[in-house]
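> The structure's right below; bear with me while I get my questions together.
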Amino acid sequence: MFRDEWGRVLASLVGYLHDFDRAEDAAQEAFAIAAERWPESGLPPSPGAWLVTTARNRAIDRIRRERTLAGKIHLLPAPEAVVDEFEFGETVIKDERLELIFTCCHPALPLEGQVALTLRALGGLETAEIARAFLVSEETMKRRLTRAKTKIKATGIPFAVPAAHLLPDRLDAVLAVIYLIYNEGYSGRVDLGSEAIRLGRVLGALMPDEPEAHGLLALMMIHQARQRARFSGEDLVLLGDQDRSLWDHAQIAAGRAELDRAVALGGRGAYVIQAAIASLQAAEQIDWPRVAELYQRLADLTGSAVVELNRAVAIAQAGDPAAALRAVERLDLDGYLYYHSTQGELLRRLGRDAEARAAYGRALELATSTPEQRFLTRRLEEL
Amino acid sequence: MQYALMIYAEPGYHEVLPEAEREAARAEFLALADDARCVAHAQLQPAETATCVRVAGGRTLMTDGPFADTKEVLGGVYVVEAANLDEAIELAARIPTVRLGGVVEVRPVVAP
């Protein structure tokens with residue numbers, strides 16, 4: 001309940017106070033009062049509105065006190081009268097989370113600041129939790145958040161949804177931040193994967209007509225649904241060997257519904273294509289030629305050699321390892337572990353064991369995580 | 001609020017342009033200067049004309065050349081009035097230098 005309301009309440013306060021720090025302090029105060037009172041008095045008719053009103057009142061009180069103390073008069077545009085906290089039930093609080101998302105993910109902020117601020121402001125994560133997730137000290141994370149908030153204030157980063165002609169670029173930036181949070185979660189510390197999906201849901205609901213927002217959500221949901229089957233103890237399990245009973249089939253279905261929506265909206269972007277690939281790979285019988293086709297489209301869009309590598313894998317799975325190997329050999333990815341392990345696998349299938357061993361050996365040199373090292377060692381022993 | 005748009009580019013970047021493009025760029029510089037939101041603007045003489053001044057022990061010390069020895073040098077400044085950073089960035093993006101390999105640094109001006 002608290003986590004769900006946080007983003008909405010904070011957004012409304014930032015919109016009203018035009019000051020991140022004040023908004024955060026006031027929201028925290030209101031949530032603390034609620035935590036104390038609600039267990040006894042029960043929930044107010046509209047908890048969100050209650051929280052916003054209470055927080056506003058506290059912020060106005062504080063500003064008044066400061067004015068009296070310092071004689072400052074330009075801090076707020078004439079604050080309205082303090083509204084009685086308990087008469088407030090019917091008012092609908094405008095949802096300003098979209099404005100908040102675009103502020104937090106403004107490209108004028110450093111990327112790590114965008115990520116941290118999004119998790120704090122919209123996700124409602126504590127600074128300590130975010131610090132743990134990114135393996136930095138709480139002090140470092142606090143400074144990172146402060147620096148981002150200071151830049152927002154000092155440079156006049158707007159609290160607004162960008163104008164139509166700016167929207168495509170700015171939405172890309174938002175999607176990139178959410179996907180980055182998701183991928184951080186993939187390595188599995190704090191549950192950032194679920195956090196990213198929550199953020200993706202919020203964005204999808206706030207921008208119902210943006211295909212890429214639904215595409216990203218679909219991609220994350222389908223991937224996460226397979227998360228439990230990706231490891232067996234410490235060992236990495238490849239897609240083909242995964243125990244499908246461990247997959248979250250309801251979430252795959254929900255992800256596919258998001259994908260259908262994205263496609264119906266005319267989505268042809270990178271996230272939509274990746275979601276379509278993930279969806280095909282979650283099917284009982286994988287249509288590998290179709291997967292290869294989609295990777296081709298993704299490669300055309302992104303020009304990424306890693307995508308080309310994935311396309312080659314799909315070609316091999318579709319039954320043509322020789323063509324796959326030719327495609328791989330064209331790529332310039334020498335420092336990339338999966339370039340060598342893929343080559344090793346293709347060479348093995350083609351019966352060229354000595355070359356396969358060399359390729360796996362090179363991959364092993366590049367492997368940094370224990371599961372990867374064990375996987376590659378096993379492969380080498382099998383040869 | 002006011003923003004300084006500071007234009008950095010390699011010296012002579014516009015001299016290598018075809019005449020028509022140089023004319024177009026000049027027109028864009030002038031159009032921005034004429035924009036109602038433009039508070040002040042200055043085009044600087046080439047970096048070779050710069051002199052750096054310090055005072056130490058009561059003596060005024062001078063060195064020849066710009067302060068920072070970089071490939072791109074400060075070539076001019078606009079000060080604009082904009083509602084927020086997005087508007088300032090849009091104005092910055094209209095400076096032809098940014099599509100000719102240069103950079104515009106956008107910094108808010110301290111309110112008086």
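We label chains A, B, ... in the order they appear in the structure tokens, count residues from 1 in each chain, and number ligands from 1 in the order shown.
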Could you list, as number ranges by chain, every residue of chain B that has an atom within 9 Å of an atom of chain A, counting only C-alpha atoms?

B: 1, 3, 83-86, 107-110

> Please provide the set of residues having any atom within 12 Å of Leu100 of chain B, restricted to only C-alpha atoms, with same-chain residues fewer than 4 positions apart removed, written as a list in words.

Ile7, Tyr8, Ala9, Glu10, Gly12, Tyr13, His14, Glu15, Val16, Leu17, Glu21, Arg22, Ala25, Ala93, Arg94, Ile95, Pro96 and Val104 of chain B

> Please identify all polymer residues within 9 Å of segment 70-79 of chain B, counting only C-alpha atoms, omitting same-chain residues fewer than 4 positions from it, and present them as a count of residues only.

28

> From a DSSP calculation on the backbone, collect every residue of segment 194-337 of chain A in helix (DSSP H, G or I) and output the set as a PyMOL selection string.

chain A and resi 194-206+211-225+227-229+239-241+244-246+249-264+270-281+288-302+305-317+321-329+337

> Counting only C-alpha atoms, which of B:Asp35, B:Glu23, B:Glu90, B:Glu48 gets nearest to Phe67 of chain B?

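Going through B:Asp35, B:Glu23, B:Glu90, B:Glu48 one by one, the smallest distance to Phe67 of chain B is for B:Glu48.
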
> Assign secondary structure with DSSP using the backbone only, and return the residues of segment 166-275 of chain A in strand (DSSP E) as a PDB file with N, CA and C atoms, in the first residue's frame.


ATOM      1  N   PHE A 231      18.802 -20.863 -13.606  1.00  0.00           N
ATOM      2  CA  PHE A 231      19.900 -21.412 -12.810  1.00  0.00           C
ATOM      3  C   PHE A 231      19.458 -22.719 -12.173  1.00  0.00           C
ATOM      4  N   SER A 232      20.392 -23.657 -12.125  1.00  0.00           N
ATOM      5  CA  SER A 232      20.165 -24.862 -11.358  1.00  0.00           C
ATOM      6  C   SER A 232      21.247 -24.836 -10.295  1.00  0.00           C
ATOM      7  N   ASP A 235      24.503 -23.248 -11.312  1.00  0.00           N
ATOM      8  CA  ASP A 235      24.814 -23.424 -12.732  1.00  0.00           C
ATOM      9  C   ASP A 235      23.795 -22.767 -13.654  1.00  0.00           C
ATOM     10  N   LEU A 236      24.360 -22.197 -14.740  1.00  0.00           N
ATOM     11  CA  LEU A 236      23.548 -21.556 -15.758  1.00  0.00           C
ATOM     12  C   LEU A 236      22.865 -22.631 -16.604  1.00  0.00           C
TER      13      LEU A 236
END

> So how many Å separate atom CA of Leu325 of chain A and atom CA of Leu298 of chain A, to one decimal?

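Here the two named atoms are 19.4 Å from each other.
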